[in-house]
>>> print(open('coords.cif').read())   # mmCIF, C-alpha atoms
data_entry
#
loop_
_atom_site.label_atom_id
_atom_site.label_comp_id
_atom_site.auth_asym_id
_atom_site.auth_seq_id
_atom_site.Cartn_x
_atom_site.Cartn_y
_atom_site.Cartn_z
CA MET A 1 -19.54 -8.85 -22.24
CA PHE A 2 -19.37 -11.97 -20.07
CA LYS A 3 -20.84 -15.05 -21.73
CA LEU A 4 -20.99 -18.38 -19.91
CA SER A 5 -20.68 -20.29 -23.19
CA ASP A 6 -17.30 -18.60 -23.85
CA VAL A 7 -16.01 -19.84 -20.50
CA LEU A 8 -17.36 -23.36 -20.98
CA ASN A 9 -15.87 -23.64 -24.47
CA ARG A 10 -12.38 -22.88 -23.12
CA SER A 11 -10.28 -25.42 -21.28
CA LEU A 12 -10.30 -24.61 -17.58
CA LEU A 13 -7.19 -26.73 -16.92
CA THR A 14 -4.63 -23.96 -17.38
CA PRO A 15 -1.55 -23.85 -15.10
CA PHE A 16 -2.91 -20.65 -13.48
CA ASN A 17 -6.32 -22.19 -12.80
CA ILE A 18 -4.84 -25.40 -11.38
CA ILE A 19 -2.45 -23.60 -8.99
CA ALA A 20 -5.11 -21.05 -7.98
CA GLY A 21 -7.63 -23.85 -7.48
CA ILE A 22 -5.30 -25.79 -5.16
CA ILE A 23 -4.53 -22.65 -3.12
CA LEU A 24 -8.22 -21.73 -2.86
CA PHE A 25 -9.11 -25.30 -1.79
CA ILE A 26 -6.46 -25.31 0.97
CA GLY A 27 -7.54 -21.79 1.99
CA LEU A 28 -11.16 -22.93 2.38
CA ILE A 29 -10.04 -25.81 4.64
CA ILE A 30 -8.04 -23.35 6.80
CA THR A 31 -11.10 -21.07 6.85
CA ALA A 32 -13.25 -23.91 8.16
CA LEU A 33 -10.62 -24.74 10.81
CA ARG A 34 -10.34 -21.07 11.85
CA PHE A 35 -14.06 -20.49 12.31
CA THR A 36 -14.72 -23.82 14.01
CA GLY A 37 -11.58 -24.19 16.15
CA GLY A 38 -10.70 -20.54 16.86
CA LEU A 39 -7.38 -18.71 16.52
CA ALA A 40 -5.47 -21.35 18.50
CA ALA A 41 -6.33 -24.03 15.93
CA VAL A 42 -4.56 -22.31 13.07
CA THR A 43 -2.24 -19.59 14.45
CA ASN A 44 0.79 -19.18 16.72
CA LEU A 45 -0.72 -16.06 18.29
CA SER A 46 -0.48 -15.62 22.06
CA ASP A 47 -1.18 -13.02 24.75
CA TYR A 48 2.31 -11.61 24.09
CA ASN A 49 1.73 -11.58 20.34
CA PRO A 50 -1.97 -10.93 19.69
CA TRP A 51 -1.22 -9.41 16.27
CA GLY A 52 0.59 -11.63 13.82
CA LEU A 53 0.96 -12.18 10.10
CA TRP A 54 -2.71 -11.50 9.33
CA ILE A 55 -2.42 -7.97 10.73
CA GLY A 56 1.22 -7.40 9.65
CA PHE A 57 0.75 -8.57 6.05
CA ASP A 58 -2.94 -8.78 5.15
CA LEU A 59 -3.89 -5.52 6.84
CA LEU A 60 -0.84 -3.23 7.17
CA CYS A 61 0.71 -4.24 3.83
CA GLY A 62 -2.70 -4.59 2.15
CA VAL A 63 -3.77 -1.05 3.04
CA ALA A 64 -0.38 0.46 2.10
CA LEU A 65 -0.17 -1.37 -1.23
CA ALA A 66 -3.75 -0.39 -2.10
CA ALA A 67 -2.76 3.29 -1.87
CA GLY A 68 -2.34 3.49 -5.64
CA GLY A 69 -6.04 4.36 -5.92
CA TYR A 70 -5.92 7.64 -4.02
CA VAL A 71 -2.42 8.56 -5.28
CA THR A 72 -3.37 8.13 -8.96
CA SER A 73 -6.82 9.73 -8.77
CA ALA A 74 -5.35 12.70 -6.83
CA ALA A 75 -2.62 13.13 -9.48
CA VAL A 76 -5.13 13.04 -12.34
CA TYR A 77 -8.22 14.80 -10.98
CA ILE A 78 -6.85 17.16 -8.30
CA PHE A 79 -3.42 18.02 -9.75
CA GLY A 80 -4.69 17.85 -13.35
CA MET A 81 -2.06 15.42 -14.68
CA LYS A 82 -4.34 14.07 -17.41
CA LYS A 83 -1.56 12.18 -19.16
CA TYR A 84 -1.83 9.54 -16.41
CA HIS A 85 -5.57 9.08 -16.93
CA SER A 86 -5.24 5.55 -18.29
CA ALA A 87 -3.69 4.44 -14.97
CA VAL A 88 -6.73 5.52 -12.91
CA ARG A 89 -9.07 2.56 -13.51
CA PRO A 90 -6.47 -0.18 -12.89
CA ALA A 91 -5.30 1.69 -9.77
CA ILE A 92 -8.87 2.13 -8.48
CA LEU A 93 -9.56 -1.55 -9.13
CA THR A 94 -6.38 -2.61 -7.28
CA GLY A 95 -7.31 -0.29 -4.41
CA PHE A 96 -10.88 -1.57 -4.23
CA LEU A 97 -9.83 -5.23 -4.28
CA GLY A 98 -7.02 -4.48 -1.80
CA TYR A 99 -9.36 -2.89 0.73
CA ALA A 100 -12.07 -5.52 0.22
CA LEU A 101 -9.48 -8.22 0.96
CA VAL A 102 -8.20 -6.27 3.99
CA VAL A 103 -11.74 -6.38 5.44
CA LEU A 104 -12.05 -10.06 4.51
CA ALA A 105 -8.71 -10.84 6.21
CA LEU A 106 -9.73 -8.81 9.26
CA ASN A 107 -12.66 -11.17 9.75
CA TYR A 108 -10.24 -14.07 10.14
CA ASP A 109 -8.27 -12.19 12.79
CA VAL A 110 -11.09 -10.78 14.90
CA GLY A 111 -13.59 -13.62 14.32
CA ARG A 112 -17.37 -13.29 14.63
CA PRO A 113 -17.88 -11.31 11.40
CA TRP A 114 -21.41 -10.29 12.41
CA ARG A 115 -19.80 -8.05 15.07
CA LEU A 116 -17.86 -6.03 12.49
CA PRO A 117 -20.36 -3.10 12.68
CA TYR A 118 -20.26 -3.06 16.51
CA PRO A 119 -17.86 -0.07 16.79
CA PHE A 120 -20.49 2.04 15.03
CA VAL A 121 -23.66 0.89 16.73
CA VAL A 122 -23.00 -0.81 20.07
CA GLN A 123 -20.19 1.08 21.79
CA ALA A 124 -19.05 4.67 21.30
CA GLY A 125 -15.28 4.14 21.10
CA THR A 126 -14.77 7.37 19.21
CA THR A 127 -11.62 8.26 21.17
CA SER A 128 -9.83 5.14 19.93
CA VAL A 129 -7.38 5.32 17.04
CA LEU A 130 -8.58 1.87 16.03
CA PHE A 131 -12.14 3.26 15.73
CA GLU A 132 -10.86 5.94 13.37
CA VAL A 133 -9.02 3.34 11.30
CA GLY A 134 -12.14 1.17 11.17
CA ALA A 135 -14.40 4.09 10.22
CA CYS A 136 -12.01 5.35 7.53
CA VAL A 137 -11.44 1.91 6.01
CA LEU A 138 -15.20 1.30 5.88
CA LEU A 139 -15.92 4.71 4.32
CA TYR A 140 -13.00 4.47 1.89
CA LEU A 141 -14.07 0.98 0.81
CA VAL A 142 -17.50 2.46 -0.03
CA VAL A 143 -15.82 5.35 -1.91
CA LEU A 144 -13.62 2.93 -3.88
CA PHE A 145 -16.64 0.77 -4.68
CA ILE A 146 -18.50 3.81 -6.06
CA GLU A 147 -15.39 4.89 -8.00
CA PHE A 148 -15.18 1.38 -9.47
CA THR A 149 -18.87 1.22 -10.48
CA PRO A 150 -18.54 3.13 -13.81
CA ALA A 151 -16.50 0.22 -15.22
CA ALA A 152 -19.04 -2.32 -13.96
CA SER A 153 -21.94 -0.13 -15.17
CA GLU A 154 -20.44 0.11 -18.66
CA TRP A 155 -20.03 -3.67 -18.65
CA LEU A 156 -23.64 -4.17 -17.54
CA GLY A 157 -25.02 -1.44 -19.82
CA LEU A 158 -26.29 0.76 -16.95
CA LYS A 159 -25.74 4.09 -18.70
CA ARG A 160 -27.63 6.37 -16.27
CA ALA A 161 -25.95 4.94 -13.17
CA ARG A 162 -22.56 5.27 -14.85
CA ASN A 163 -23.15 8.91 -15.87
CA LEU A 164 -24.35 9.79 -12.36
CA VAL A 165 -21.14 8.46 -10.76
CA VAL A 166 -18.95 10.14 -13.40
CA ARG A 167 -20.40 13.50 -12.29
CA LEU A 168 -19.28 12.72 -8.71
CA THR A 169 -15.65 12.03 -9.70
CA MET A 170 -14.07 15.10 -8.05
CA LEU A 171 -16.09 14.70 -4.85
CA LEU A 172 -15.13 11.02 -4.59
CA THR A 173 -11.46 11.80 -5.27
CA ILE A 174 -11.34 14.43 -2.52
CA LEU A 175 -13.12 12.08 -0.10
CA GLY A 176 -10.66 9.32 -1.01
CA VAL A 177 -7.63 11.53 -0.35
CA ILE A 178 -8.99 12.75 2.99
CA LEU A 179 -9.92 9.28 4.22
CA SER A 180 -6.62 7.77 3.03
CA THR A 181 -4.57 10.49 4.70
CA LEU A 182 -6.43 9.82 7.93
CA HIS A 183 -6.24 6.05 8.10
CA GLN A 184 -2.85 5.46 6.44
CA SER A 185 -1.28 7.59 9.18
CA SER A 186 -3.55 6.18 11.90
CA LEU A 187 -2.34 2.65 11.17
CA GLY A 188 1.07 3.90 12.30
CA ALA A 189 -0.49 5.78 15.22
CA LEU A 190 -1.81 2.45 16.53
CA PHE A 191 1.76 1.68 17.62
CA LEU A 192 2.11 4.92 19.62
CA ILE A 193 0.46 3.09 22.51
CA ALA A 194 3.33 0.58 22.70
CA PRO A 195 6.58 2.53 23.29
CA SER A 196 7.92 -0.21 25.56
CA LYS A 197 7.18 -3.00 23.09
CA LEU A 198 8.40 -1.55 19.79
CA HIS A 199 12.16 -1.19 19.30
CA PRO A 200 13.26 2.49 19.66
CA LEU A 201 14.62 2.60 16.11
CA TRP A 202 11.14 1.86 14.72
CA TYR A 203 9.15 3.57 17.47
CA SER A 204 8.87 7.32 17.01
CA GLN A 205 6.40 10.08 17.75
CA TYR A 206 6.46 10.55 13.97
CA ILE A 207 5.41 6.99 13.13
CA PRO A 208 2.03 8.19 11.70
CA VAL A 209 4.02 10.45 9.33
CA PHE A 210 6.29 7.52 8.38
CA PHE A 211 3.26 5.36 7.56
CA PHE A 212 1.58 8.07 5.51
CA ILE A 213 4.65 8.99 3.45
CA SER A 214 5.53 5.33 2.87
CA SER A 215 1.95 4.68 1.70
CA ILE A 216 2.48 7.24 -1.09
CA ILE A 217 5.65 5.36 -2.09
CA ALA A 218 3.72 2.07 -1.95
CA GLY A 219 0.92 3.52 -4.11
CA LEU A 220 3.26 4.93 -6.76
CA SER A 221 5.37 1.76 -6.86
CA MET A 222 2.34 -0.53 -6.98
CA VAL A 223 0.90 1.34 -9.97
CA ILE A 224 4.19 0.81 -11.86
CA PHE A 225 4.57 -2.80 -10.67
CA GLU A 226 0.97 -3.76 -11.37
CA GLY A 227 1.07 -1.88 -14.69
CA SER A 228 4.09 -3.88 -15.82
CA LEU A 229 2.35 -7.16 -14.91
CA THR A 230 -0.90 -6.22 -16.66
CA HIS A 231 1.06 -5.11 -19.73
CA ARG A 232 2.78 -8.48 -19.78
CA TYR A 233 -0.29 -10.67 -19.26
CA PHE A 234 -3.18 -8.50 -20.55
CA ALA A 235 -1.54 -6.55 -23.40
CA ALA A 236 -4.25 -7.83 -25.75
CA LYS A 237 -6.88 -6.11 -23.59
CA MET A 238 -5.15 -2.71 -23.74
CA ASP A 239 -6.30 -0.11 -26.23
CA GLU A 240 -4.04 2.34 -28.04
CA THR A 241 -4.40 5.05 -25.36
CA HIS A 242 -3.27 2.72 -22.57
CA LEU A 243 -0.31 1.47 -24.60
CA ARG A 244 0.68 5.04 -25.56
CA GLU A 245 0.43 6.46 -22.02
CA LYS A 246 2.18 3.49 -20.40
CA GLU A 247 5.66 5.02 -20.62
CA ASP A 248 4.46 8.40 -19.30
CA VAL A 249 3.01 6.64 -16.27
CA VAL A 250 6.22 4.69 -15.59
CA PHE A 251 8.52 7.74 -15.89
CA GLY A 252 6.18 10.16 -14.11
CA PHE A 253 5.41 7.87 -11.21
CA GLY A 254 9.05 6.72 -11.02
CA LYS A 255 10.18 10.32 -10.68
CA ALA A 256 7.58 11.04 -8.01
CA ALA A 257 8.47 7.85 -6.12
CA SER A 258 12.17 8.78 -6.19
CA PHE A 259 11.47 12.21 -4.71
CA VAL A 260 9.08 10.90 -2.04
CA LEU A 261 11.60 8.17 -1.11
CA ALA A 262 14.23 10.88 -0.60
CA ALA A 263 11.83 12.79 1.68
CA TYR A 264 10.98 9.56 3.52
CA PHE A 265 14.69 8.85 4.05
CA ALA A 266 15.18 12.33 5.52
CA VAL A 267 12.15 12.02 7.82
CA LYS A 268 13.34 8.61 9.07
CA VAL A 269 16.72 10.15 9.95
CA PHE A 270 14.87 12.96 11.77
CA GLY A 271 13.10 10.24 13.75
CA ILE A 272 16.46 8.90 14.96
CA ALA A 273 17.78 12.38 15.71
CA MET A 274 14.72 13.60 17.63
CA ASP A 275 14.85 10.65 20.04
CA ASP A 276 18.67 10.52 20.09
CA ASN A 277 18.64 6.86 19.05
CA TRP A 278 21.99 6.92 17.23
CA ARG A 279 23.53 4.51 19.74
CA TYR A 280 21.14 1.71 18.69
CA LEU A 281 22.53 1.74 15.16
CA SER A 282 25.59 -0.22 16.30
CA THR A 283 23.44 -3.11 17.64
CA SER A 284 22.10 -6.09 15.68
CA TYR A 285 18.68 -4.43 15.44
CA GLY A 286 20.48 -1.31 14.22
CA ALA A 287 22.12 -3.33 11.45
CA TRP A 288 18.71 -4.60 10.32
CA PHE A 289 17.31 -1.05 10.55
CA LEU A 290 20.13 0.15 8.29
CA VAL A 291 19.38 -2.67 5.83
CA GLU A 292 15.81 -1.36 5.66
CA LEU A 293 16.82 2.31 5.48
CA ILE A 294 19.65 1.97 2.98
CA GLY A 295 18.61 -1.17 1.08
CA PHE A 296 14.87 -0.50 0.80
CA VAL A 297 14.67 3.32 0.94
CA ALA A 298 17.91 4.93 -0.26
CA LEU A 299 18.68 2.29 -2.89
CA PRO A 300 15.28 2.38 -4.68
CA CYS A 301 15.37 6.19 -4.46
CA LEU A 302 18.65 6.27 -6.38
CA LEU A 303 17.61 3.49 -8.79
CA TYR A 304 14.35 5.29 -9.62
CA ALA A 305 16.34 8.50 -10.24
CA ALA A 306 18.83 6.68 -12.48
CA GLY A 307 15.98 4.97 -14.37
CA VAL A 308 14.16 8.28 -14.94
CA ARG A 309 17.29 10.10 -16.11
CA GLU A 310 18.42 7.29 -18.40
CA LYS A 311 14.86 6.58 -19.64
CA ASN A 312 15.33 2.97 -18.54
CA ILE A 313 11.84 1.47 -18.18
CA ARG A 314 13.19 -1.95 -17.22
CA LEU A 315 15.19 -0.50 -14.31
CA ILE A 316 12.17 1.47 -13.06
CA LYS A 317 9.92 -1.60 -13.17
CA TRP A 318 12.39 -3.73 -11.21
CA THR A 319 12.89 -0.87 -8.76
CA ALA A 320 9.10 -0.67 -8.28
CA ALA A 321 9.05 -4.36 -7.32
CA TRP A 322 11.96 -3.74 -4.92
CA ALA A 323 10.20 -0.71 -3.38
CA VAL A 324 7.00 -2.74 -2.90
CA LEU A 325 9.09 -5.40 -1.14
CA GLY A 326 10.60 -2.61 0.98
CA ILE A 327 7.14 -1.53 2.17
CA VAL A 328 6.38 -5.14 3.13
CA VAL A 329 9.71 -5.35 5.01
CA ASN A 330 8.92 -2.09 6.85
CA ARG A 331 5.45 -3.23 7.94
CA PHE A 332 6.83 -6.63 9.01
CA ASN A 333 9.56 -4.89 11.00
CA VAL A 334 7.10 -2.65 12.83
CA CYS A 335 4.47 -5.30 13.45
CA LEU A 336 6.55 -8.47 13.89
CA VAL A 337 10.36 -8.16 13.97
CA ALA A 338 10.84 -5.08 16.16
CA PHE A 339 7.67 -5.70 18.17
CA ASN A 340 8.28 -7.40 21.53
CA TRP A 341 12.01 -7.18 20.76
CA HIS A 342 12.89 -7.50 24.45
CA LEU A 343 11.23 -10.93 24.83
CA PRO A 344 13.40 -14.10 24.90
CA SER A 345 13.45 -15.97 21.60
CA SER A 346 11.27 -18.74 23.05
CA GLU A 347 8.44 -16.21 23.47
CA ARG A 348 8.86 -14.58 20.05
CA TYR A 349 6.22 -15.05 17.40
CA PHE A 350 6.65 -16.88 14.13
CA PRO A 351 3.58 -17.55 11.97
CA SER A 352 2.27 -21.09 11.52
CA TRP A 353 2.09 -22.57 8.02
CA MET A 354 -1.69 -22.12 8.11
CA GLU A 355 -1.34 -18.37 8.79
CA ILE A 356 1.00 -18.12 5.80
CA GLY A 357 -1.36 -20.33 3.77
CA LEU A 358 -4.32 -18.10 4.53
CA SER A 359 -2.39 -14.98 3.50
CA VAL A 360 -1.50 -16.70 0.21
CA PHE A 361 -5.20 -17.63 -0.12
CA ILE A 362 -6.25 -13.97 0.36
CA VAL A 363 -3.73 -12.77 -2.26
CA THR A 364 -4.90 -15.50 -4.67
CA VAL A 365 -8.55 -14.45 -4.25
CA GLY A 366 -7.42 -10.92 -5.20
CA VAL A 367 -5.48 -12.08 -8.25
CA VAL A 368 -8.39 -14.25 -9.48
CA ALA A 369 -10.88 -11.38 -9.00
CA PHE A 370 -8.51 -8.94 -10.75
CA LYS A 371 -8.05 -11.35 -13.67
CA PHE A 372 -11.82 -11.82 -14.06
CA ILE A 373 -12.61 -8.09 -13.90
CA VAL A 374 -9.79 -7.05 -16.25
CA THR A 375 -10.82 -9.77 -18.71
CA TYR A 376 -14.49 -8.78 -18.91
CA MET A 377 -14.80 -5.12 -17.85
CA PRO A 378 -13.42 -1.98 -19.55
CA ILE A 379 -10.46 -1.44 -17.20
CA LEU A 380 -7.58 -1.41 -19.69
CA TYR A 381 -9.53 -0.01 -22.62
CA GLU A 382 -12.20 2.60 -23.35
CA HIS A 383 -15.67 1.13 -23.77
CA PRO A 384 -16.68 2.02 -27.35
CA GLY A 385 -20.12 3.16 -26.19
CA TYR A 386 -18.75 5.77 -23.74
CA LYS A 387 -16.49 8.36 -25.25
CA THR A 388 -16.84 10.97 -22.48
CA PRO A 389 -14.08 11.15 -19.84
CA HIS A 390 -14.61 8.66 -17.07
CA PRO A 391 -13.09 7.96 -13.66
CA MET B 1 25.13 11.17 25.01
CA ASP B 2 24.20 11.47 28.68
CA PHE B 3 21.87 14.27 29.67
CA SER B 4 21.31 15.78 33.09
CA THR B 5 18.04 17.50 32.34
CA LEU B 6 15.22 17.35 29.81
CA GLN B 7 16.30 20.83 28.72
CA ASP B 8 19.76 19.44 27.82
CA PHE B 9 18.17 16.57 25.88
CA TYR B 10 15.94 18.83 23.80
CA THR B 11 18.68 21.39 23.22
CA TYR B 12 20.88 18.64 21.83
CA THR B 13 18.28 16.75 19.75
CA LYS B 14 16.61 19.89 18.37
CA GLY B 15 20.02 21.32 17.50
CA ILE B 16 20.84 18.19 15.49
CA ALA B 17 17.35 18.23 13.89
CA TYR B 18 17.71 21.88 12.78
CA ILE B 19 21.06 21.13 11.15
CA LEU B 20 19.46 18.12 9.39
CA ILE B 21 16.51 20.25 8.23
CA VAL B 22 18.80 22.80 6.57
CA LEU B 23 20.84 20.03 4.92
CA THR B 24 17.64 18.26 3.79
CA LEU B 25 16.12 21.41 2.26
CA ILE B 26 19.31 22.05 0.29
CA GLY B 27 19.68 18.38 -0.63
CA MET B 28 16.04 17.96 -1.72
CA THR B 29 16.24 21.07 -3.91
CA GLY B 30 19.38 19.71 -5.57
CA PHE B 31 17.81 16.27 -5.96
CA TRP B 32 14.70 17.76 -7.59
CA LEU B 33 16.86 19.68 -10.05
CA TYR B 34 18.80 16.47 -10.76
CA LEU B 35 15.51 14.62 -11.43
CA THR B 36 13.95 17.28 -13.65
CA ASP B 37 16.80 18.96 -15.56
CA GLN B 38 16.25 16.68 -18.57
CA ASP B 39 12.56 17.71 -18.68
CA ASN B 40 13.65 21.34 -18.79
CA ASP B 41 16.12 20.57 -21.61
CA GLU B 42 13.33 18.83 -23.58
CA GLU B 43 11.00 21.83 -23.12
CA LYS B 44 13.69 24.16 -24.50
#
>>> encode(input="coords.cif", output="structure tokens")
Amino acid sequence: MFKLSDVLNRSLLTPFNIIAGIILFIGLIITALRFTGGLAAVTNLSDYNPWGLWIGFDLLCGVALAAGGYVTSAAVYIFGMKKYHSAVRPAILTGFLGYALVVLALNYDVGRPWRLPYPFVVQAGTTSVLFEVGACVLLYLVVLFIEFTPAASEWLGLKRARNLVVRLTMLLTILGVILSTLHQSSLGALFLIAPSKLHPLWYSQYIPVFFFISSIIAGLSMVIFEGSLTHRYFAAKMDETHLREKEDVVFGFGKAASFVLAAYFAVKVFGIAMDDNWRYLSTSYGAWFLVELIGFVALPCLLYAAGVREKNIRLIKWTAAWAVLGIVVNRFNVCLVAFNWHLPSSERYFPSWMEIGLSVFIVTVGVVAFKFIVTYMPILYEHPGYKTPHP
Amino acid sequence: MDFSTLQDFYTYTKGIAYILIVLTLIGMTGFWLYLTDQDNDEEK
């Protein structure tokens, strides 16, 4: 249970708190500049490049890397893989914080936060892919919040509310999978409208499929990556069940990630074949595409497979970090590097230091919130007062 | 490749895709067996 006296009795001047405090302070200054001076005051965005780092990283990467929630809960509750149960709460928490921060970051990009509900109440817009993304992200954020509430309810002692949500677990899991399938793919579908702007090697009629499959890889890899970090920094908070099931999660998810990466590699090659884009592979963009395809898809696929076969946890954990980086590289390529590829270099977009600073600020807010919740709520351990299975 | 008609383009690209699909199905089956054969040994 959270006690203010416990916090006050501890020294707040830890290296983590000092660095996080500096980042949050700078982020708040950039926030003030953004909402008083507009996009031009803090970004390098232009009419040619209306979507920059805040969409490419905070939104596209944020949504993909928060996919661990639906991937893990589907594995445990729909496919019945109960041995991964201990990974559900951390994955749901990461997903909830990830989506909450995506919505927060979106406010910086679109401005005027009070107009965020406009697509639902002012204009119809139901034929727009962006409307579908907005609707799904909103609904999924609500689903993730409800899925997260049992941990908060146990912490606050709200037994009836907690038991009510636990009964809804399967319904919430199915809703989460449906909504994630819809909007993870639709984020890729947003680029279908720009065939002349996106480089042919990244543009494909199958780009929604690419985004959806890669989100599964991101989810699986993030669960392993985040699990290894929590085990390192919050091992004292983990109960025996979490420590015992940790290896099962790493090997099981590593195996799944390896297989999905192999499928993703094959589908990406189909994308080249279906549009007959082989000739672009010999260009400079083709070289960078091959770096992504071989270095960030084929390589982690083989490393995961080797790690699973040799029971090498360390290799799988490092591969998970590499695969997460690969997802970031892919989203950057689609949104920034290969977008407007035909423009002269003078017109190309590169983010300002304040755009980068705000993205670091958003990530830091997530890390601080995660640290607080994991420290005080039953995320990595079973609450002694609730022995029944929980989501 | 240069194509005279859309029919030529689709004949060529679909032909390549079908070959890739067969190779992928065989390859994915083999890769799955490679990933899981140790599990099967442990079960025995």
>>> resolve_selection(input="coords.cif", expression="the PyMOL selection byres ((chain B and resi 13) around 12)", output="list in words")
Val269, Phe270, Gly271, Ile272, Ala273, Met274, Asp275, Asp276, Asn277 and Trp278 of chain A; Met1, Asp2, Phe3, Leu6, Gln7, Asp8, Phe9, Tyr10, Thr11, Tyr12, Lys14, Gly15, Ile16, Ala17, Tyr18, Ile19 and Leu20 of chain B
>>> closest_atom_pairs(input="coords.cif", of="chain A", to="chain B", cutoff="12 Å", atoms="all atoms listed in the file", output="tab-separated table")
residue	atom	partner	partner_atom	distance
A:Phe251	CA	B:Leu35	CA	10.8
A:Gly252	CA	B:Thr36	CA	10.5
A:Gly254	CA	B:Leu35	CA	10.2
A:Lys255	CA	B:Leu35	CA	6.9
A:Ala256	CA	B:Leu35	CA	9.3
A:Ala257	CA	B:Leu35	CA	11.1
A:Ser258	CA	B:Leu35	CA	8.5
A:Phe259	CA	B:Trp32	CA	7.0
A:Val260	CA	B:Met28	CA	9.9
A:Leu261	CA	B:Met28	CA	10.8
A:Ala262	CA	B:Met28	CA	7.4
A:Ala263	CA	B:Met28	CA	7.5
A:Tyr264	CA	B:Thr24	CA	11.0
A:Phe265	CA	B:Thr24	CA	9.9
A:Ala266	CA	B:Thr24	CA	6.6
A:Val267	CA	B:Thr24	CA	9.2
A:Lys268	CA	B:Leu20	CA	11.3
A:Val269	CA	B:Leu20	CA	8.4
A:Phe270	CA	B:Ala17	CA	6.2
A:Gly271	CA	B:Ala17	CA	9.1
A:Ile272	CA	B:Thr13	CA	9.4
A:Ala273	CA	B:Thr13	CA	6.0
A:Met274	CA	B:Thr13	CA	5.2
A:Asp275	CA	B:Thr13	CA	7.0
A:Asp276	CA	B:Thr13	CA	6.3
A:Asn277	CA	B:Met1	CA	9.8
A:Trp278	CA	B:Met1	CA	9.4
A:Arg279	CA	B:Met1	CA	8.6
A:Cys301	CA	B:Phe31	CA	10.5
A:Leu302	CA	B:Phe31	CA	10.0
A:Leu303	CA	B:Leu35	CA	11.6
A:Tyr304	CA	B:Leu35	CA	9.6
A:Ala305	CA	B:Leu35	CA	6.3
A:Ala306	CA	B:Leu35	CA	8.7
A:Gly307	CA	B:Leu35	CA	10.1
A:Val308	CA	B:Leu35	CA	7.4
A:Arg309	CA	B:Leu35	CA	6.7
A:Glu310	CA	B:Gln38	CA	9.6
A:Lys311	CA	B:Gln38	CA	10.3
>>> write_last_selection(input="coords.cif", atoms="C-alpha atoms", output="CSV table (one decimal), in the coordinates of the input")
chain,number,residue,atom,x,y,z
A,251,PHE,CA,8.5,7.7,-15.9
A,252,GLY,CA,6.2,10.2,-14.1
A,254,GLY,CA,9.0,6.7,-11.0
A,255,LYS,CA,10.2,10.3,-10.7
A,256,ALA,CA,7.6,11.0,-8.0
A,257,ALA,CA,8.5,7.8,-6.1
A,258,SER,CA,12.2,8.8,-6.2
A,259,PHE,CA,11.5,12.2,-4.7
A,260,VAL,CA,9.1,10.9,-2.0
A,261,LEU,CA,11.6,8.2,-1.1
A,262,ALA,CA,14.2,10.9,-0.6
A,263,ALA,CA,11.8,12.8,1.7
A,264,TYR,CA,11.0,9.6,3.5
A,265,PHE,CA,14.7,8.8,4.0
A,266,ALA,CA,15.2,12.3,5.5
A,267,VAL,CA,12.2,12.0,7.8
A,268,LYS,CA,13.3,8.6,9.1
A,269,VAL,CA,16.7,10.2,10.0
A,270,PHE,CA,14.9,13.0,11.8
A,271,GLY,CA,13.1,10.2,13.8
A,272,ILE,CA,16.5,8.9,15.0
A,273,ALA,CA,17.8,12.4,15.7
A,274,MET,CA,14.7,13.6,17.6
A,275,ASP,CA,14.8,10.6,20.0
A,276,ASP,CA,18.7,10.5,20.1
A,277,ASN,CA,18.6,6.9,19.0
A,278,TRP,CA,22.0,6.9,17.2
A,279,ARG,CA,23.5,4.5,19.7
A,301,CYS,CA,15.4,6.2,-4.5
A,302,LEU,CA,18.6,6.3,-6.4
A,303,LEU,CA,17.6,3.5,-8.8
A,304,TYR,CA,14.4,5.3,-9.6
A,305,ALA,CA,16.3,8.5,-10.2
A,306,ALA,CA,18.8,6.7,-12.5
A,307,GLY,CA,16.0,5.0,-14.4
A,308,VAL,CA,14.2,8.3,-14.9
A,309,ARG,CA,17.3,10.1,-16.1
A,310,GLU,CA,18.4,7.3,-18.4
A,311,LYS,CA,14.9,6.6,-19.6
>>> resolve_selection(input="coords.cif", expression="the PyMOL selection byres ((chain A and resi 50-54) around 12)", output="NGL selection string")
:A and (39-40 or 42-49 or 55-62 or 101-110 or 190-191 or 328 or 331-337 or 339-340 or 348-363)
>>> closest_residue(input="coords.cif", among="A:Ile78, A:Ile23, A:Leu325, A:Leu315", to="A:Val367", atoms="all atoms listed in the file")
A:Ile23
>>> atom_distance(input="coords.cif", atom1="atom CA of A:Glu147", atom2="atom CA of A:Val177")
12.8 Å
>>> closest_residue(input="coords.cif", among="A:Leu97, A:Ala87, A:Leu182, A:Val329", to="A:Val368", atoms="all atoms listed in the file")
A:Leu97
>>> residues_near_point(input="coords.cif", point="(17.1, -4.9, 7.9)", cutoff="12 Å", atoms="only C-alpha atoms", output="list in words")
Leu201, Trp202, Leu281, Thr283, Ser284, Tyr285, Gly286, Ala287, Trp288, Phe289, Leu290, Val291, Glu292, Leu293, Ile294, Gly295, Phe296, Val297, Gly326, Ile327, Val328, Val329, Asn330, Arg331, Phe332, Asn333, Val334, Val337 and Ala338 of chain A
>>> closest_residue(input="coords.cif", among="A:Ile178, A:Val249, A:Leu299, A:Met377", to="A:Met81", atoms="only C-alpha atoms")
A:Val249
>>> axis_aligned_box(input="coords.cif", around="stretch 153-166 of chain A", padding_each_side="8 Å", output="JSON")
{"center_x": -23.3, "center_y": 3.0, "center_z": -15.3, "size_x": 24.7, "size_y": 30.3, "size_z": 25.1}
